[in-house]
$ cat model-v4.cif   # mmCIF, C-alpha atoms and all ligand atoms
data_run
loop_
_atom_site.label_atom_id
_atom_site.label_comp_id
_atom_site.auth_asym_id
_atom_site.auth_seq_id
_atom_site.Cartn_x
_atom_site.Cartn_y
_atom_site.Cartn_z
CA MET F 214 -6.90 4.20 -25.94
CA ASN F 215 -5.19 1.17 -27.37
CA LEU F 216 -4.04 -0.18 -24.05
CA PRO F 217 -5.71 -3.39 -22.85
CA LEU F 218 -8.60 -2.94 -20.47
CA PRO F 219 -6.90 -2.28 -17.14
CA GLY F 220 -7.57 -3.73 -13.77
CA PHE F 221 -9.42 -1.31 -11.52
CA LEU F 222 -9.55 -0.27 -7.91
CA ARG F 223 -12.58 -1.38 -5.99
CA PRO F 224 -13.06 -0.46 -2.36
CA ASN F 225 -14.37 -3.11 -0.01
CA ASN F 226 -17.33 -0.93 0.79
CA GLY F 227 -19.31 -3.19 3.05
CA ARG F 228 -21.55 -4.70 0.37
CA ARG F 229 -18.93 -7.26 -0.46
CA ASN F 230 -17.38 -7.84 2.93
CA ARG F 231 -19.86 -6.46 5.43
CA GLY F 232 -17.35 -4.19 7.04
CA ASP F 233 -14.76 -6.65 8.26
CA ASN F 234 -13.32 -8.14 5.09
CA ALA F 235 -14.22 -11.55 6.51
CA LYS F 236 -14.75 -13.01 3.04
CA ALA F 237 -11.73 -11.37 1.44
CA PRO F 238 -8.45 -13.25 1.14
CA PRO F 239 -5.97 -12.51 3.91
CA LEU F 240 -3.91 -9.38 3.49
CA GLY F 241 -0.97 -10.10 1.23
CA ALA F 242 -2.41 -13.41 0.04
CA ASP F 243 -0.65 -13.07 -3.32
CA GLY F 244 2.67 -12.20 -1.64
CA PRO F 245 5.52 -11.55 -1.23
CA LEU F 246 4.48 -9.72 1.95
CA THR F 247 6.27 -6.49 1.25
CA LEU F 248 4.49 -3.40 2.57
CA MET F 249 5.45 0.17 1.80
CA ALA F 250 3.81 2.89 3.90
CA VAL F 251 3.94 6.24 2.09
CA MET F 252 2.80 9.11 4.29
CA ALA F 253 3.29 12.84 4.70
CA HIS F 254 5.07 13.37 8.05
CA PRO F 255 7.21 11.54 10.59
CA ASP F 256 4.74 10.05 13.15
CA ASP F 257 1.88 9.68 10.62
CA ILE F 258 2.40 5.92 10.45
CA ASP F 259 3.24 5.22 14.06
CA PHE F 260 0.53 7.22 15.84
CA GLY F 261 -2.16 5.39 13.87
CA SER F 262 -0.68 2.08 12.81
CA ALA F 263 2.40 1.15 14.87
CA GLY F 264 0.67 -1.89 16.36
CA SER F 265 -0.16 -3.24 12.90
CA ILE F 266 3.36 -2.54 11.64
CA ALA F 267 4.81 -4.38 14.66
CA LYS F 268 2.48 -7.33 14.01
CA TRP F 269 3.34 -7.55 10.33
CA CYS F 270 7.09 -7.29 10.99
CA ASP F 271 6.71 -10.01 13.60
CA GLU F 272 4.95 -12.18 11.02
CA GLY F 273 7.82 -11.82 8.57
CA TRP F 274 6.67 -8.97 6.37
CA THR F 275 9.29 -6.65 4.90
CA VAL F 276 8.15 -3.10 5.70
CA TYR F 277 9.45 0.20 4.33
CA TYR F 278 8.53 3.70 5.45
CA VAL F 279 8.46 6.62 3.01
CA LEU F 280 7.83 10.13 4.35
CA ALA F 281 7.23 12.89 1.84
CA THR F 282 8.23 15.62 4.29
CA SER F 283 10.37 15.68 7.41
CA GLY F 284 7.71 17.51 9.41
CA ASP F 285 9.59 20.79 9.59
CA LYS F 286 6.58 22.83 10.79
CA GLY F 287 5.56 20.67 13.74
CA THR F 288 6.73 22.65 16.76
CA HIS F 289 5.68 25.36 19.20
CA ASP F 290 9.30 25.95 20.27
CA PRO F 291 10.13 29.55 19.32
CA ASP F 292 13.86 28.77 19.12
CA MET F 293 13.62 25.75 16.80
CA THR F 294 14.57 26.23 13.15
CA ARG F 295 12.99 24.26 10.32
CA GLN F 296 16.29 22.57 9.55
CA GLU F 297 16.85 21.55 13.17
CA LEU F 298 13.32 20.27 13.50
CA ALA F 299 13.53 18.25 10.28
CA ALA F 300 16.76 16.57 11.41
CA LEU F 301 15.29 15.85 14.85
CA ARG F 302 12.10 14.36 13.45
CA GLU F 303 13.96 12.20 10.96
CA GLU F 304 15.97 10.73 13.84
CA GLU F 305 12.79 10.21 15.87
CA GLN F 306 11.19 8.43 12.91
CA ARG F 307 14.18 6.17 12.42
CA ALA F 308 14.15 5.29 16.13
CA ALA F 309 10.45 4.40 15.99
CA ALA F 310 11.02 2.26 12.91
CA ARG F 311 13.81 0.36 14.69
CA VAL F 312 11.43 -0.44 17.56
CA LEU F 313 8.98 -2.04 15.15
CA GLY F 314 11.42 -3.88 12.87
CA VAL F 315 10.96 -1.71 9.78
CA LYS F 316 13.63 -2.43 7.16
CA ASP F 317 14.31 1.10 5.93
CA VAL F 318 13.03 4.67 6.19
CA ILE F 319 13.14 6.99 3.19
CA PHE F 320 12.58 10.76 3.28
CA LEU F 321 11.66 12.63 0.12
CA GLY F 322 12.43 16.07 1.55
CA TYR F 323 9.36 18.09 0.53
CA PRO F 324 8.49 21.10 2.73
CA ASP F 325 5.94 20.38 5.42
CA GLY F 326 2.50 21.87 4.84
CA PHE F 327 2.76 22.56 1.12
CA LEU F 328 2.67 19.09 -0.42
CA GLN F 329 1.03 18.88 -3.83
CA ALA F 330 0.21 15.75 -5.83
CA THR F 331 2.50 16.77 -8.67
CA PRO F 332 3.81 14.56 -11.49
CA GLU F 333 7.24 14.88 -9.85
CA LEU F 334 6.04 13.51 -6.50
CA ARG F 335 4.12 10.76 -8.27
CA GLY F 336 7.27 9.86 -10.19
CA GLN F 337 9.33 9.57 -7.02
CA ILE F 338 6.73 7.22 -5.56
CA VAL F 339 6.56 5.18 -8.78
CA ARG F 340 10.33 4.86 -8.68
CA LEU F 341 10.17 3.49 -5.14
CA PHE F 342 7.44 1.02 -6.07
CA ARG F 343 9.47 -0.19 -9.05
CA THR F 344 12.54 -0.50 -6.83
CA TYR F 345 11.14 -2.17 -3.72
CA LYS F 346 8.13 -3.90 -5.36
CA PRO F 347 5.60 -3.76 -2.51
CA ASP F 348 2.49 -5.90 -2.89
CA VAL F 349 0.66 -3.84 -0.24
CA VAL F 350 0.84 -0.04 0.01
CA MET F 351 -0.37 2.02 2.94
CA THR F 352 -1.25 5.71 2.68
CA PHE F 353 -3.88 8.24 3.72
CA ASP F 354 -7.38 8.28 2.31
CA GLY F 355 -6.82 11.30 0.08
CA PHE F 356 -10.49 11.45 -0.89
CA ARG F 357 -11.91 11.68 2.64
CA PRO F 358 -14.74 14.20 2.41
CA SER F 359 -14.44 15.44 5.99
CA PHE F 360 -11.73 17.79 7.25
CA ASN F 361 -8.25 16.74 6.22
CA HIS F 362 -4.68 18.06 6.37
CA ASN F 363 -3.39 19.38 3.04
CA ASP F 364 -0.38 17.05 3.08
CA HIS F 365 -2.42 13.99 4.07
CA ARG F 366 -4.89 14.63 1.25
CA ASN F 367 -2.21 15.15 -1.37
CA ILE F 368 0.04 12.22 -0.43
CA GLY F 369 -3.04 9.98 -0.55
CA ILE F 370 -3.90 11.17 -4.05
CA ALA F 371 -0.30 10.96 -5.29
CA VAL F 372 0.13 7.42 -3.98
CA ARG F 373 -3.13 6.27 -5.49
CA ASP F 374 -2.19 7.70 -8.86
CA ALA F 375 1.23 6.08 -8.56
CA VAL F 376 -0.24 2.66 -7.79
CA TYR F 377 -2.53 2.82 -10.79
CA PRO F 378 -1.72 3.09 -13.58
CA ALA F 379 1.72 4.75 -13.50
CA THR F 380 3.73 2.02 -11.76
CA ARG F 381 2.17 -0.67 -13.92
CA ASP F 382 2.67 0.91 -17.33
CA ARG F 383 6.22 1.19 -18.62
CA LEU F 384 5.62 4.35 -20.65
CA TYR F 385 5.06 6.32 -17.45
CA TYR F 386 8.46 7.59 -16.30
CA PRO F 387 10.44 5.63 -18.91
CA GLU F 388 13.65 7.01 -17.42
CA HIS F 389 13.30 4.40 -14.68
CA ALA F 390 13.90 1.63 -17.21
CA THR F 391 16.86 3.53 -18.59
CA ALA F 392 18.24 3.61 -15.05
CA GLY F 393 17.96 -0.17 -14.85
CA LEU F 394 14.71 -0.57 -12.94
CA ALA F 395 12.13 -3.09 -14.12
CA PRO F 396 9.64 -0.67 -15.65
CA GLU F 397 6.43 -2.43 -14.61
CA HIS F 398 5.20 -3.46 -11.19
CA ARG F 399 1.73 -4.23 -9.90
CA VAL F 400 0.68 -3.37 -6.38
CA ASN F 401 -1.99 -5.81 -5.18
CA GLU F 402 -3.82 -3.73 -2.62
CA MET F 403 -3.84 -0.59 -0.51
CA LEU F 404 -4.63 0.12 3.11
CA LEU F 405 -5.95 3.65 3.62
CA THR F 406 -5.65 5.32 7.00
CA GLY F 407 -7.84 8.13 8.26
CA ALA F 408 -10.83 6.86 6.28
CA ASP F 409 -14.31 7.92 7.35
CA LYS F 410 -15.63 4.37 6.93
CA PRO F 411 -12.86 1.88 7.67
CA ASP F 412 -13.54 -1.75 6.82
CA TYR F 413 -10.34 -3.53 7.81
CA PHE F 414 -9.45 -3.99 11.45
CA VAL F 415 -6.20 -5.23 12.95
CA ASP F 416 -6.15 -6.54 16.53
CA VAL F 417 -2.99 -5.11 18.07
CA SER F 418 -3.56 -6.33 21.65
CA ALA F 419 -0.28 -8.22 21.63
CA TYR F 420 1.68 -5.19 20.41
CA ILE F 421 0.57 -2.41 22.75
CA GLU F 422 4.00 -2.02 24.36
CA LYS F 423 5.78 -1.82 21.02
CA LYS F 424 3.18 0.67 19.81
CA ALA F 425 3.78 2.80 22.90
CA ASP F 426 7.54 2.70 22.41
CA ALA F 427 7.20 3.69 18.75
CA MET F 428 4.93 6.58 19.70
CA LEU F 429 7.29 7.69 22.46
CA ALA F 430 10.17 7.73 19.98
CA HIS F 431 8.46 10.79 18.45
CA HIS F 432 9.56 12.68 21.54
CA SER F 433 9.08 16.17 20.11
CA GLN F 434 5.49 15.46 19.12
CA ILE F 435 3.96 14.29 22.38
CA SER F 436 3.33 16.18 25.59
CA SER F 437 3.63 13.30 28.07
CA HIS F 438 6.50 10.83 28.01
CA ASP F 439 5.12 8.58 30.76
CA ARG F 440 5.45 5.10 29.23
CA ASP F 441 3.35 3.31 31.84
CA ALA F 442 0.54 5.83 31.52
CA LEU F 443 0.56 5.55 27.74
CA ILE F 444 0.47 1.76 27.83
CA LYS F 445 -2.40 1.89 30.33
CA ARG F 446 -4.31 4.29 28.11
CA LEU F 447 -3.74 2.16 25.00
CA ARG F 448 -4.80 -1.00 26.82
CA SER F 449 -7.98 0.59 28.10
CA GLY F 450 -9.00 1.86 24.67
CA ARG F 451 -9.87 0.07 21.47
CA ARG F 452 -7.09 -2.37 20.74
CA THR F 453 -7.69 -2.37 17.02
CA GLU F 454 -6.25 -0.21 14.26
CA THR F 455 -8.52 0.56 11.36
CA PHE F 456 -8.04 0.93 7.62
CA LYS F 457 -10.00 1.04 4.43
CA ARG F 458 -8.80 -1.86 2.30
CA VAL F 459 -8.72 -1.39 -1.46
CA ARG F 460 -7.96 -4.50 -3.47
CA ILE F 461 -6.94 -4.27 -7.09
CA ILE F 462 -9.16 -6.73 -8.85
CA ARG F 463 -7.36 -8.76 -11.47
CA THR F 464 -5.93 -12.18 -12.04
CA PRO F 465 -3.38 -12.72 -9.25
CA GLN F 466 0.20 -12.99 -10.38
CA PRO F 467 3.13 -14.28 -8.37
CA GLN F 468 5.54 -11.47 -7.65
CA ALA F 469 9.24 -11.45 -7.07
CA ASN F 470 10.45 -10.50 -3.62
CA ALA F 471 12.58 -7.42 -4.16
CA ALA F 472 13.61 -7.44 -0.50
CA ALA F 473 15.87 -10.40 -1.19
CA GLN F 474 17.61 -8.48 -3.94
CA ALA F 475 20.06 -5.64 -3.67
CA VAL F 476 18.23 -2.33 -3.56
CA PRO F 477 19.53 1.21 -3.90
CA THR F 478 20.29 3.17 -0.75
CA ALA F 479 17.59 5.34 0.73
CA ALA F 480 19.33 8.43 -0.56
CA SER F 481 19.53 7.21 -4.13
CA ALA F 482 16.00 5.84 -4.04
CA GLY F 483 14.73 9.23 -2.96
CA ALA F 484 16.37 11.04 -5.84
CA ALA F 485 14.34 12.67 -8.55
CA PRO F 486 12.73 10.19 -10.97
ZN ZN A 501 0.69 14.18 9.35
#
$ encode --input "model-v4.cif" --output "structure tokens"
Amino acid sequence: MNLPLPGFLRPNNGRRNRGDNAKAPPLGADGPLTLMAVMAHPDDIDFGSAGSIAKWCDEGWTVYYVLATSGDKGTHDPDMTRQELAALREEEQRAAARVLGVKDVIFLGYPDGFLQATPELRGQIVRLFRTYKPDVVMTFDGFRPSFNHNDHRNIGIAVRDAVYPATRDRLYYPEHATAGLAPEHRVNEMLLTGADKPDYFVDVSAYIEKKADAMLAHHSQISSHDRDALIKRLRSGRRTETFKRVRIIRTPQPQANAAAQAVPTAASAGAAP
């Protein structure tokens, strides 16, 4: 390889930060506070992380949701078709995102349950990173050794491979540059959900009601729609949301805030790379 020695991904595995990242710089320290959550299904972000998303939006972060599938298998209703369910769940996801202050929601349209970490999927994610320029990316821990959903595992792997090195190196998916996108972007860090050993904890005490409303927006996916009961349950449980934080160790570089610039529509951004 003639490429310069790359930066590398190093998990905060407890030796460096003793489990709470207390010695690490604050999340998004190198800015510009743009977070892109790339997950498999509508509700994946909100059921686990809606309180954190609400907090970050409240603090001025620009947040984007990307869902690889529209969750077209998630029903026990014998009369529901896949197309109807996908449309319903996309609307539910958009409603939840509005509750939290998310800037945009993008669906990639892959079939639920069969996601694979293909070069095509990776390219679509790279295209989004080069378009929206997130400094923090959220996804599933695709390498969790315990039981995991096929789609959660594969989106986690695809996102990780998109973050490094494909988004950074212009010769990956050179058609993006031809289409007018800046060909290189560096993501600063990742937050992994569903990790066996989380090491980053967000206190969401002040955002319980918003979290409940975002969860309730996924009407087809929950059995009880009693808002007061849900808020009571959330308040009585652990009021933290947990992640594994993976910082990309390299010399920090100031990054442009793509959110202030014109960006393609969700539909065009979700097109094939
Ligand atoms: Zn899921």
$ residues_around --input "model-v4.cif" --residues "region 449-460 of chain F" --least-positions-apart "6" --cutoff "6 Å" --atoms "all atoms listed in the file" --output "PyMOL selection string"
chain F and resi 223-224+402-406+411-418
$ residues_near_ligand --input "model-v4.cif" --ligand "ligand ZN 501 (chain A)" --cutoff "6 Å" --atoms "all atoms listed in the file" --output "PyMOL selection string"
chain F and resi 253-254+257
$ write_last_selection --input "model-v4.cif" --atoms "C-alpha atoms" --output "mmCIF file, keeping the file's coordinate frame"
data_model
loop_
_atom_site.group_PDB
_atom_site.id
_atom_site.type_symbol
_atom_site.label_atom_id
_atom_site.label_comp_id
_atom_site.auth_asym_id
_atom_site.auth_seq_id
_atom_site.Cartn_x
_atom_site.Cartn_y
_atom_site.Cartn_z
ATOM 1 C CA ALA F 253 3.290 12.840 4.700
ATOM 2 C CA HIS F 254 5.070 13.370 8.050
ATOM 3 C CA ASP F 257 1.880 9.680 10.620
#
$ atom_distance --input "model-v4.cif" --atom1 "CA of Gln306 (chain F)" --atom2 "CA of Ala427 (chain F)"
8.5 Å
$ axis_aligned_box --input "model-v4.cif" --around "region 281-284 of chain F" --padding-each-side "5 Å" --output "AutoDock Vina command-line options"
--center_x 8.8 --center_y 15.2 --center_z 5.6 --size_x 13.1 --size_y 14.6 --size_z 17.6
$ atom_distance --input "model-v4.cif" --atom1 "CA of Cys270 (chain F)" --atom2 "CA of His389 (chain F)"
28.9 Å
$ atom_distance --input "model-v4.cif" --atom1 "CA of Thr247 (chain F)" --atom2 "CA of Asn361 (chain F)"
27.8 Å
$ closest_residue --input "model-v4.cif" --among "F:Ala330, F:Gly369, F:Leu447, F:Leu341" --to "Ala419 (chain F)" --atoms "all atoms listed in the file"
F:Leu447
$ closest_residue --input "model-v4.cif" --among "F:Pro238, F:His289, F:Trp269, F:Glu303" --to "Ala430 (chain F)" --atoms "only C-alpha atoms"
F:Glu303
$ closest_residue --input "model-v4.cif" --among "F:Asp374, F:Asp243, F:Asp364, F:Asp271" --to "Gly314 (chain F)" --atoms "only C-alpha atoms"
F:Asp271
$ residues_around --input "model-v4.cif" --residues "Ala267 (chain F)" --least-positions-apart "3" --cutoff "9 Å" --atoms "only C-alpha atoms" --output "JSON, numbers by chain"
{"F": [262, 263, 264, 270, 271, 272, 312, 313, 314, 315, 417, 420, 423, 424]}
$ write_last_selection --input "model-v4.cif" --atoms "C-alpha atoms" --output "PDB file, keeping the file's coordinate frame"
ATOM      1  CA  SER F 262      -0.680   2.080  12.810  1.00  0.00           C
ATOM      2  CA  ALA F 263       2.400   1.150  14.870  1.00  0.00           C
ATOM      3  CA  GLY F 264       0.670  -1.890  16.360  1.00  0.00           C
ATOM      4  CA  CYS F 270       7.090  -7.290  10.990  1.00  0.00           C
ATOM      5  CA  ASP F 271       6.710 -10.010  13.600  1.00  0.00           C
ATOM      6  CA  GLU F 272       4.950 -12.180  11.020  1.00  0.00           C
ATOM      7  CA  VAL F 312      11.430  -0.440  17.560  1.00  0.00           C
ATOM      8  CA  LEU F 313       8.980  -2.040  15.150  1.00  0.00           C
ATOM      9  CA  GLY F 314      11.420  -3.880  12.870  1.00  0.00           C
ATOM     10  CA  VAL F 315      10.960  -1.710   9.780  1.00  0.00           C
ATOM     11  CA  VAL F 417      -2.990  -5.110  18.070  1.00  0.00           C
ATOM     12  CA  TYR F 420       1.680  -5.190  20.410  1.00  0.00           C
ATOM     13  CA  LYS F 423       5.780  -1.820  21.020  1.00  0.00           C
ATOM     14  CA  LYS F 424       3.180   0.670  19.810  1.00  0.00           C
TER      15      LYS F 424
END
$ closest_residue --input "model-v4.cif" --among "F:Glu304, F:Thr294, F:Ala309, F:Thr380" --to "Leu429 (chain F)" --atoms "only C-alpha atoms"
F:Ala309
$ residues_near_point --input "model-v4.cif" --point "(8.8, 1.7, -12.9)" --cutoff "12 Å" --atoms "all atoms listed in the file" --output "count of residues only"
39
$ closest_atom_pairs --input "model-v4.cif" --of "region 343-362 of chain F" --to "region 280-286 of chain F" --cutoff "12 Å" --atoms "all atoms listed in the file" --output "CSV"
residue,atom,partner,partner_atom,distance
F:Met351,CA,F:Leu280,CA,11.6
F:Thr352,CA,F:Leu280,CA,10.2
F:Phe353,CA,F:Leu280,CA,11.9
$ closest_residue --input "model-v4.cif" --among "F:Val349, F:Ala371, F:Ala425, F:Val318" --to "Pro332 (chain F)" --atoms "all atoms listed in the file"
F:Ala371
$ closest_residue --input "model-v4.cif" --among "F:Thr275, F:Thr331, F:Ser359, F:Ser265" --to "Asp317 (chain F)" --atoms "all atoms listed in the file"
F:Thr275
